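S.K.: Before I ask anything, let me first share the structure, which is written out below as structure tokens.
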Amino acid sequence: MQIIFTHPFDVSVEEARKIQDELRGRVVLECVKHSSNWPETVAGVDVAFRNGIAYAACGVFSYPQLELLEEKKAFRRVTYPYIPGFLSFREIPVIMNPLLSLEIEPDIIICDGQGIAHPRSMGLASHIGVIFAKPTIGCAKSRLVGEYKEPGIEKGNASTLSYRGRVVGYVLRTRTGVKPIFVSPGNLISLEDAVKVIISCVRDRRIPEPLRIADKRSKELTAK
């Protein structure tokens, strides 16, 4: 993978907001399919923290079989404080390392965070999607912004997540009777395709498999 657009990460909140506003104009909410069987691979990325160190894990999986094809990990000292709405500046510096070292370039990257369901439409997934010019999907356990009606209790039911008069994602039930997750497109994918990819990546857990494995691996790193 290659970085297409870069910028400083150790910046003030004011400068970070300006960067988000600039990047927002680069987001494309359309799915560019390169072949009839696209995507063929999906990746999950997640970050865990311990004692001032950020640990990132990334796994690439075949799609739709979800066979693990490659894993990469990295760690580095955290230099950006925890500020809601600006988590990209805290996490992307460590996430970039495993993404750049991948030998198999994934067609889609699933991130543990938001896409456009963000106060400035620039959550972690959108931010990564613009930097690498890759299709990305935000998949979060909780809502950051927006209003919604609770989806039906059965697996596969979904309701729209709206913010400032615009649909920014879906609230998706991935297991019957279990709390839903919040799915929003990051970049180069549509709202509908983002949900389709996520539900097809779900096995017997609440979280889609690529993201569940990345979460597991990043937490394992903190225990060493």
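Residues are named by chain letter and number: chains run A, B, ... in the order of the structure tokens, numbers start at 1 in each chain, and ligands are numbered from 1 in the order shown.
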Could you give me, as a tab-separated table (two decimals) with C-alpha atoms, in the first residue's frame, the residues within 12 Å of Asp193 (chain A), counting only C-alpha atoms and dropping anything in the same chain fewer than 6 positions from it?

M.R.:
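around_10.tsv, written as the output of this step:
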chain	number	residue	atom	x	y	z
A	29	LEU	CA	-19.09	7.84	-1.22
A	30	GLU	CA	-19.25	5.65	-4.30
A	31	CYS	CA	-18.11	2.07	-4.72
A	32	VAL	CA	-15.59	1.60	-7.53
A	33	LYS	CA	-15.70	-2.12	-8.32
A	38	TRP	CA	-14.78	-7.49	-6.12
A	39	PRO	CA	-13.88	-7.39	-3.27
A	108	ILE	CA	-11.41	-2.88	1.59
A	135	PRO	CA	-12.22	1.85	0.20
A	136	THR	CA	-12.79	1.90	3.96
A	137	ILE	CA	-15.68	1.18	6.33
A	169	GLY	CA	-24.65	5.23	8.30
A	170	TYR	CA	-26.68	2.29	9.46
A	183	VAL	CA	-21.64	1.10	10.31
A	184	SER	CA	-20.68	4.11	8.21
A	185	PRO	CA	-18.78	4.39	4.92
A	186	GLY	CA	-15.28	5.79	5.16
A	187	ASN	CA	-14.20	6.41	1.59
A	199	ILE	CA	-22.98	-8.30	7.39
A	200	SER	CA	-21.23	-10.79	5.09

S.K.: Which of region 90-135 of chain A counts as alpha helix (DSSP H) under DSSP, as a list of chain:residue names please?

M.R.: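 Reading the DSSP output for region 90-135 of chain A, alpha helix (DSSP H) covers A:Arg90, A:Glu91, A:Ile92, A:Pro93, A:Val94, A:Ile95, A:Met96, A:Asn97, A:Pro98, A:Leu99, A:Leu100, A:Ser101, A:Leu124, A:Ala125, A:Ser126, A:His127, A:Ile128, A:Gly129, A:Val130, A:Ile131, A:Phe132.
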
S.K.: Save the residues we just selected, N, CA and C atoms, as a PDB file, in the first residue's frame?

M.R.:
ATOM      1  N   ARG A  90      -4.456  10.254  17.025  1.00  0.00           N
ATOM      2  CA  ARG A  90      -3.858   9.409  18.064  1.00  0.00           C
ATOM      3  C   ARG A  90      -3.530   8.008  17.533  1.00  0.00           C
ATOM      4  N   GLU A  91      -4.371   7.501  16.602  1.00  0.00           N
ATOM      5  CA  GLU A  91      -4.245   6.113  16.182  1.00  0.00           C
ATOM      6  C   GLU A  91      -3.563   5.896  14.832  1.00  0.00           C
ATOM      7  N   ILE A  92      -3.762   6.800  13.885  1.00  0.00           N
ATOM      8  CA  ILE A  92      -3.223   6.566  12.548  1.00  0.00           C
ATOM      9  C   ILE A  92      -1.701   6.457  12.516  1.00  0.00           C
ATOM     10  N   PRO A  93      -0.940   7.239  13.300  1.00  0.00           N
ATOM     11  CA  PRO A  93       0.518   7.081  13.247  1.00  0.00           C
ATOM     12  C   PRO A  93       0.991   5.654  13.494  1.00  0.00           C
ATOM     13  N   VAL A  94       0.322   4.896  14.350  1.00  0.00           N
ATOM     14  CA  VAL A  94       0.725   3.505  14.566  1.00  0.00           C
ATOM     15  C   VAL A  94       0.055   2.576  13.563  1.00  0.00           C
ATOM     16  N   ILE A  95      -1.151   2.899  13.113  1.00  0.00           N
ATOM     17  CA  ILE A  95      -1.852   2.063  12.130  1.00  0.00           C
ATOM     18  C   ILE A  95      -1.120   2.055  10.793  1.00  0.00           C
ATOM     19  N   MET A  96      -0.501   3.159  10.427  1.00  0.00           N
ATOM     20  CA  MET A  96       0.169   3.237   9.133  1.00  0.00           C
ATOM     21  C   MET A  96       1.261   2.188   8.976  1.00  0.00           C
ATOM     22  N   ASN A  97       1.944   1.853  10.067  1.00  0.00           N
ATOM     23  CA  ASN A  97       3.059   0.903   9.970  1.00  0.00           C
ATOM     24  C   ASN A  97       2.634  -0.475   9.468  1.00  0.00           C
ATOM     25  N   PRO A  98       1.653  -1.136  10.077  1.00  0.00           N
ATOM     26  CA  PRO A  98       1.257  -2.435   9.539  1.00  0.00           C
ATOM     27  C   PRO A  98       0.626  -2.342   8.152  1.00  0.00           C
ATOM     28  N   LEU A  99      -0.114  -1.277   7.877  1.00  0.00           N
ATOM     29  CA  LEU A  99      -0.713  -1.148   6.553  1.00  0.00           C
ATOM     30  C   LEU A  99       0.356  -1.027   5.467  1.00  0.00           C
ATOM     31  N   LEU A 100       1.383  -0.242   5.736  1.00  0.00           N
ATOM     32  CA  LEU A 100       2.443  -0.042   4.747  1.00  0.00           C
ATOM     33  C   LEU A 100       3.295  -1.296   4.537  1.00  0.00           C
ATOM     34  N   SER A 101       3.320  -2.180   5.530  1.00  0.00           N
ATOM     35  CA  SER A 101       4.161  -3.379   5.418  1.00  0.00           C
ATOM     36  C   SER A 101       3.420  -4.579   4.844  1.00  0.00           C
ATOM     37  N   LEU A 124     -12.182   7.890  11.815  1.00  0.00           N
ATOM     38  CA  LEU A 124     -10.958   7.126  11.544  1.00  0.00           C
ATOM     39  C   LEU A 124     -10.983   6.469  10.171  1.00  0.00           C
ATOM     40  N   ALA A 125     -12.103   5.830   9.806  1.00  0.00           N
ATOM     41  CA  ALA A 125     -12.172   5.120   8.526  1.00  0.00           C
ATOM     42  C   ALA A 125     -12.063   6.085   7.348  1.00  0.00           C
ATOM     43  N   SER A 126     -12.728   7.221   7.439  1.00  0.00           N
ATOM     44  CA  SER A 126     -12.637   8.209   6.359  1.00  0.00           C
ATOM     45  C   SER A 126     -11.221   8.769   6.249  1.00  0.00           C
ATOM     46  N   HIS A 127     -10.609   9.014   7.392  1.00  0.00           N
ATOM     47  CA  HIS A 127      -9.255   9.565   7.422  1.00  0.00           C
ATOM     48  C   HIS A 127      -8.266   8.598   6.765  1.00  0.00           C
ATOM     49  N   ILE A 128      -8.335   7.328   7.160  1.00  0.00           N
ATOM     50  CA  ILE A 128      -7.452   6.318   6.558  1.00  0.00           C
ATOM     51  C   ILE A 128      -7.756   6.159   5.074  1.00  0.00           C
ATOM     52  N   GLY A 129      -9.042   6.187   4.732  1.00  0.00           N
ATOM     53  CA  GLY A 129      -9.425   6.024   3.333  1.00  0.00           C
ATOM     54  C   GLY A 129      -8.867   7.105   2.431  1.00  0.00           C
ATOM     55  N   VAL A 130      -8.828   8.341   2.924  1.00  0.00           N
ATOM     56  CA  VAL A 130      -8.284   9.438   2.131  1.00  0.00           C
ATOM     57  C   VAL A 130      -6.767   9.345   2.055  1.00  0.00           C
ATOM     58  N   ILE A 131      -6.107   9.048   3.165  1.00  0.00           N
ATOM     59  CA  ILE A 131      -4.642   8.964   3.173  1.00  0.00           C
ATOM     60  C   ILE A 131      -4.132   7.918   2.191  1.00  0.00           C
ATOM     61  N   PHE A 132      -4.814   6.776   2.146  1.00  0.00           N
ATOM     62  CA  PHE A 132      -4.364   5.688   1.284  1.00  0.00           C
ATOM     63  C   PHE A 132      -5.166   5.577  -0.020  1.00  0.00           C
TER      64      PHE A 132
END

S.K.: Can you pull out the residues contacting Tyr55 (chain A)? Cut-off 7 Å, using only C-alpha atoms, and skip same-chain residues under 6 positions away; I want them as an mmCIF file with C-alpha atoms, in the first residue's frame.

M.R.:
data_model
loop_
_atom_site.group_PDB
_atom_site.id
_atom_site.type_symbol
_atom_site.label_atom_id
_atom_site.label_comp_id
_atom_site.auth_asym_id
_atom_site.auth_seq_id
_atom_site.Cartn_x
_atom_site.Cartn_y
_atom_site.Cartn_z
ATOM 1 C CA VAL A 47 -5.466 -0.368 18.136
ATOM 2 C CA ALA A 48 -5.077 -1.121 21.847
ATOM 3 C CA PHE A 49 -3.281 1.002 24.442
ATOM 4 C CA ALA A 74 3.273 -2.534 15.183
ATOM 5 C CA PHE A 75 3.654 -0.406 18.277
ATOM 6 C CA ARG A 76 4.815 3.105 19.127
ATOM 7 C CA SER A 218 -3.956 -5.881 19.435
ATOM 8 C CA LEU A 221 0.164 -7.365 22.235
ATOM 9 C CA THR A 222 -0.656 -5.326 25.336
#

S.K.: Mind pulling up the distance from CA of Thr6 (chain A) to CA of Thr79 (chain A)?

M.R.: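 One can read the CA of Thr79 (chain A) to CA of Thr6 (chain A) distance as 17.4 Å.
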
S.K.: Leaving out Arg205 (chain A) and any residue of its chain fewer than 3 positions from it, which residues lie within 9 Å of it when counting only C-alpha atoms, given as a PyMOL selection string?

M.R.: chain A and resi 174-175+202+208-209+212

S.K.: Dump N, CA and C atoms for the selected residues as a PDB file, in the first residue's frame?

M.R.:
ATOM      1  N   THR A 174     -26.231  -7.511  14.134  1.00  0.00           N
ATOM      2  CA  THR A 174     -25.411  -8.596  13.601  1.00  0.00           C
ATOM      3  C   THR A 174     -25.674  -9.944  14.269  1.00  0.00           C
ATOM      4  N   ARG A 175     -26.359  -9.912  15.426  1.00  0.00           N
ATOM      5  CA  ARG A 175     -26.790 -11.140  16.097  1.00  0.00           C
ATOM      6  C   ARG A 175     -28.172 -10.906  16.687  1.00  0.00           C
ATOM      7  N   VAL A 202     -19.730 -11.138   9.108  1.00  0.00           N
ATOM      8  CA  VAL A 202     -20.134 -11.577  10.446  1.00  0.00           C
ATOM      9  C   VAL A 202     -20.259 -13.091  10.465  1.00  0.00           C
ATOM     10  N   PRO A 208     -17.766  -8.055  13.093  1.00  0.00           N
ATOM     11  CA  PRO A 208     -17.318  -8.764  11.894  1.00  0.00           C
ATOM     12  C   PRO A 208     -15.944  -9.389  12.096  1.00  0.00           C
ATOM     13  N   GLU A 209     -15.734 -10.541  11.506  1.00  0.00           N
ATOM     14  CA  GLU A 209     -14.560 -11.356  11.781  1.00  0.00           C
ATOM     15  C   GLU A 209     -13.230 -10.631  11.582  1.00  0.00           C
ATOM     16  N   ARG A 212     -12.827  -8.406  14.538  1.00  0.00           N
ATOM     17  CA  ARG A 212     -12.735  -9.173  15.786  1.00  0.00           C
ATOM     18  C   ARG A 212     -11.327  -9.739  15.971  1.00  0.00           C
TER      19      ARG A 212
END

S.K.: Determine the nearest neighbour of Cys58 (chain A) from the options A:Ser36, A:Ile213, A:Lys134, A:Asp204, counting only C-alpha atoms.

M.R.: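 Of all the options, A:Ile213 lies closest to Cys58 (chain A).
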
S.K.: So which residues touch Phe86 (chain A) within 12 Å, counting only C-alpha atoms, skipping near sequence neighbours fewer than 5 positions away, as a VMD selection string?

M.R.: chain A and resid 9 to 20 80 to 81 91 to 92 113 to 114 118 to 124 127 144

S.K.: Residues within 7 Å of Asp107 (chain A), please, as a list in words. Count only C-alpha atoms; anything in the same chain fewer than 2 positions from it doesn't count.

M.R.: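 The residues that qualify are Pro39, Glu40, Thr41, Val42, Glu105, Ile109 and Pro135 of chain A.
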
S.K.: Go through A:Ile181, A:Ala194, A:Met1, A:Ala56 one by one, measure the shortest atom-to-atom distance of each to Lys216 (chain A) using only C-alpha atoms, and give the residue with the smallest value.

M.R.: A:Ala56

S.K.: As a PyMOL selection string, which residues of region 14-222 of chain A does DSSP assign to strand (DSSP E or B)?

M.R.: chain A and resi 41-50+53-62+68-77+108-111+136-140+147+158-163+166-172+181-187

S.K.: Quick one: write out the picked residues with C-alpha atoms as a PDB file, in the first residue's frame?

M.R.:
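Generated output (out.pdb):
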ATOM      1  CA  THR A  41      -9.865  -9.356   0.144  1.00  0.00           C
ATOM      2  CA  VAL A  42     -10.819  -7.348   3.239  1.00  0.00           C
ATOM      3  CA  ALA A  43      -8.666  -6.164   6.121  1.00  0.00           C
ATOM      4  CA  GLY A  44      -9.459  -5.355   9.728  1.00  0.00           C
ATOM      5  CA  VAL A  45      -7.395  -2.876  11.766  1.00  0.00           C
ATOM      6  CA  ASP A  46      -7.551  -2.113  15.469  1.00  0.00           C
ATOM      7  CA  VAL A  47      -5.466  -0.368  18.136  1.00  0.00           C
ATOM      8  CA  ALA A  48      -5.077  -1.121  21.847  1.00  0.00           C
ATOM      9  CA  PHE A  49      -3.281   1.002  24.442  1.00  0.00           C
ATOM     10  CA  ARG A  50      -1.206   0.264  27.517  1.00  0.00           C
ATOM     11  CA  ILE A  53       2.099   2.686  24.070  1.00  0.00           C
ATOM     12  CA  ALA A  54      -0.252   2.102  21.130  1.00  0.00           C
ATOM     13  CA  TYR A  55      -0.370  -1.407  19.652  1.00  0.00           C
ATOM     14  CA  ALA A  56      -1.850  -1.861  16.173  1.00  0.00           C
ATOM     15  CA  ALA A  57      -2.853  -5.093  14.473  1.00  0.00           C
ATOM     16  CA  CYS A  58      -3.981  -5.641  10.898  1.00  0.00           C
ATOM     17  CA  GLY A  59      -5.193  -8.832   9.260  1.00  0.00           C
ATOM     18  CA  VAL A  60      -6.013  -9.442   5.591  1.00  0.00           C
ATOM     19  CA  PHE A  61      -8.707 -12.000   4.819  1.00  0.00           C
ATOM     20  CA  SER A  62     -10.054 -13.605   1.670  1.00  0.00           C
ATOM     21  CA  LEU A  68      -6.725 -15.229   7.210  1.00  0.00           C
ATOM     22  CA  LEU A  69      -4.052 -14.549   4.590  1.00  0.00           C
ATOM     23  CA  GLU A  70      -1.634 -12.153   6.298  1.00  0.00           C
ATOM     24  CA  GLU A  71      -1.091 -10.379   9.610  1.00  0.00           C
ATOM     25  CA  LYS A  72       1.031  -7.375  10.532  1.00  0.00           C
ATOM     26  CA  LYS A  73       1.560  -5.660  13.888  1.00  0.00           C
ATOM     27  CA  ALA A  74       3.273  -2.534  15.183  1.00  0.00           C
ATOM     28  CA  PHE A  75       3.654  -0.406  18.277  1.00  0.00           C
ATOM     29  CA  ARG A  76       4.815   3.105  19.127  1.00  0.00           C
ATOM     30  CA  ARG A  77       4.586   5.607  21.945  1.00  0.00           C
ATOM     31  CA  ILE A 108     -11.407  -2.877   1.586  1.00  0.00           C
ATOM     32  CA  ILE A 109     -10.227  -1.863   5.065  1.00  0.00           C
ATOM     33  CA  ILE A 110     -12.608  -2.166   8.027  1.00  0.00           C
ATOM     34  CA  CYS A 111     -11.735   0.142  10.916  1.00  0.00           C
ATOM     35  CA  THR A 136     -12.793   1.897   3.964  1.00  0.00           C
ATOM     36  CA  ILE A 137     -15.677   1.176   6.331  1.00  0.00           C
ATOM     37  CA  GLY A 138     -16.169   2.403   9.872  1.00  0.00           C
ATOM     38  CA  CYS A 139     -17.571  -0.182  12.258  1.00  0.00           C
ATOM     39  CA  ALA A 140     -18.149   1.008  15.830  1.00  0.00           C
ATOM     40  CA  GLU A 147     -30.254   9.852  15.559  1.00  0.00           C
ATOM     41  CA  ALA A 158     -30.865  -2.293  10.092  1.00  0.00           C
ATOM     42  CA  SER A 159     -32.058   1.285  10.526  1.00  0.00           C
ATOM     43  CA  THR A 160     -30.590   4.509   9.199  1.00  0.00           C
ATOM     44  CA  LEU A 161     -28.344   6.765  11.257  1.00  0.00           C
ATOM     45  CA  SER A 162     -28.996  10.409  10.424  1.00  0.00           C
ATOM     46  CA  TYR A 163     -27.040  13.512  11.374  1.00  0.00           C
ATOM     47  CA  ARG A 166     -28.230  13.447   6.200  1.00  0.00           C
ATOM     48  CA  VAL A 167     -27.983   9.658   6.378  1.00  0.00           C
ATOM     49  CA  VAL A 168     -24.427   8.936   7.542  1.00  0.00           C
ATOM     50  CA  GLY A 169     -24.650   5.231   8.304  1.00  0.00           C
ATOM     51  CA  TYR A 170     -26.679   2.286   9.456  1.00  0.00           C
ATOM     52  CA  VAL A 171     -27.394   0.739  12.822  1.00  0.00           C
ATOM     53  CA  LEU A 172     -26.991  -2.971  12.109  1.00  0.00           C
ATOM     54  CA  ILE A 181     -23.233  -1.987  15.742  1.00  0.00           C
ATOM     55  CA  PHE A 182     -22.820   1.321  13.902  1.00  0.00           C
ATOM     56  CA  VAL A 183     -21.644   1.105  10.309  1.00  0.00           C
ATOM     57  CA  SER A 184     -20.676   4.114   8.213  1.00  0.00           C
ATOM     58  CA  PRO A 185     -18.780   4.390   4.924  1.00  0.00           C
ATOM     59  CA  GLY A 186     -15.278   5.794   5.159  1.00  0.00           C
ATOM     60  CA  ASN A 187     -14.200   6.407   1.592  1.00  0.00           C
TER      61      ASN A 187
END

S.K.: State, in Å with one decimal place, the distance from CA of Asn157 (chain A) to CA of Leu188 (chain A).

M.R.: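 Calculated distance between CA of Asn157 (chain A) and CA of Leu188 (chain A) is 23.9 Å.
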
S.K.: Quick one: everything within 9 Å of Thr176 (chain A), counting only C-alpha atoms, minus sequence neighbours fewer than 3 positions away in the same chain. Send it as a PDB file with N, CA and C atoms, in the first residue's frame.

M.R.:
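Written out: selection02.pdb:
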ATOM      1  N   GLY A 152     -34.865  -3.865  14.066  1.00  0.00           N
ATOM      2  CA  GLY A 152     -35.526  -5.084  14.504  1.00  0.00           C
ATOM      3  C   GLY A 152     -34.574  -5.998  15.236  1.00  0.00           C
ATOM      4  N   ILE A 153     -35.120  -6.873  16.055  1.00  0.00           N
ATOM      5  CA  ILE A 153     -34.299  -7.690  16.946  1.00  0.00           C
ATOM      6  C   ILE A 153     -33.564  -8.819  16.227  1.00  0.00           C
ATOM      7  N   GLU A 154     -34.001  -9.155  14.998  1.00  0.00           N
ATOM      8  CA  GLU A 154     -33.396 -10.264  14.265  1.00  0.00           C
ATOM      9  C   GLU A 154     -32.091  -9.851  13.579  1.00  0.00           C
ATOM     10  N   LYS A 155     -31.174 -10.806  13.455  1.00  0.00           N
ATOM     11  CA  LYS A 155     -29.912 -10.582  12.753  1.00  0.00           C
ATOM     12  C   LYS A 155     -30.178 -10.103  11.327  1.00  0.00           C
ATOM     13  N   GLY A 156     -29.437  -9.080  10.903  1.00  0.00           N
ATOM     14  CA  GLY A 156     -29.567  -8.534   9.564  1.00  0.00           C
ATOM     15  C   GLY A 156     -30.463  -7.320   9.470  1.00  0.00           C
ATOM     16  N   ARG A 173     -28.013  -4.873  13.182  1.00  0.00           N
ATOM     17  CA  ARG A 173     -28.110  -5.977  14.129  1.00  0.00           C
ATOM     18  C   ARG A 173     -27.354  -7.174  13.542  1.00  0.00           C
ATOM     19  N   LYS A 179     -26.951  -6.254  21.078  1.00  0.00           N
ATOM     20  CA  LYS A 179     -26.846  -4.839  20.728  1.00  0.00           C
ATOM     21  C   LYS A 179     -26.323  -4.658  19.303  1.00  0.00           C
TER      22      LYS A 179
END

S.K.: Using only C-alpha atoms for the distances, tell me which of A:Arg203, A:Gly177, A:His7, A:Lys224 is nearest to Phe89 (chain A).

M.R.: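 Counting only C-alpha atoms, the residue closest to Phe89 (chain A) is A:His7.
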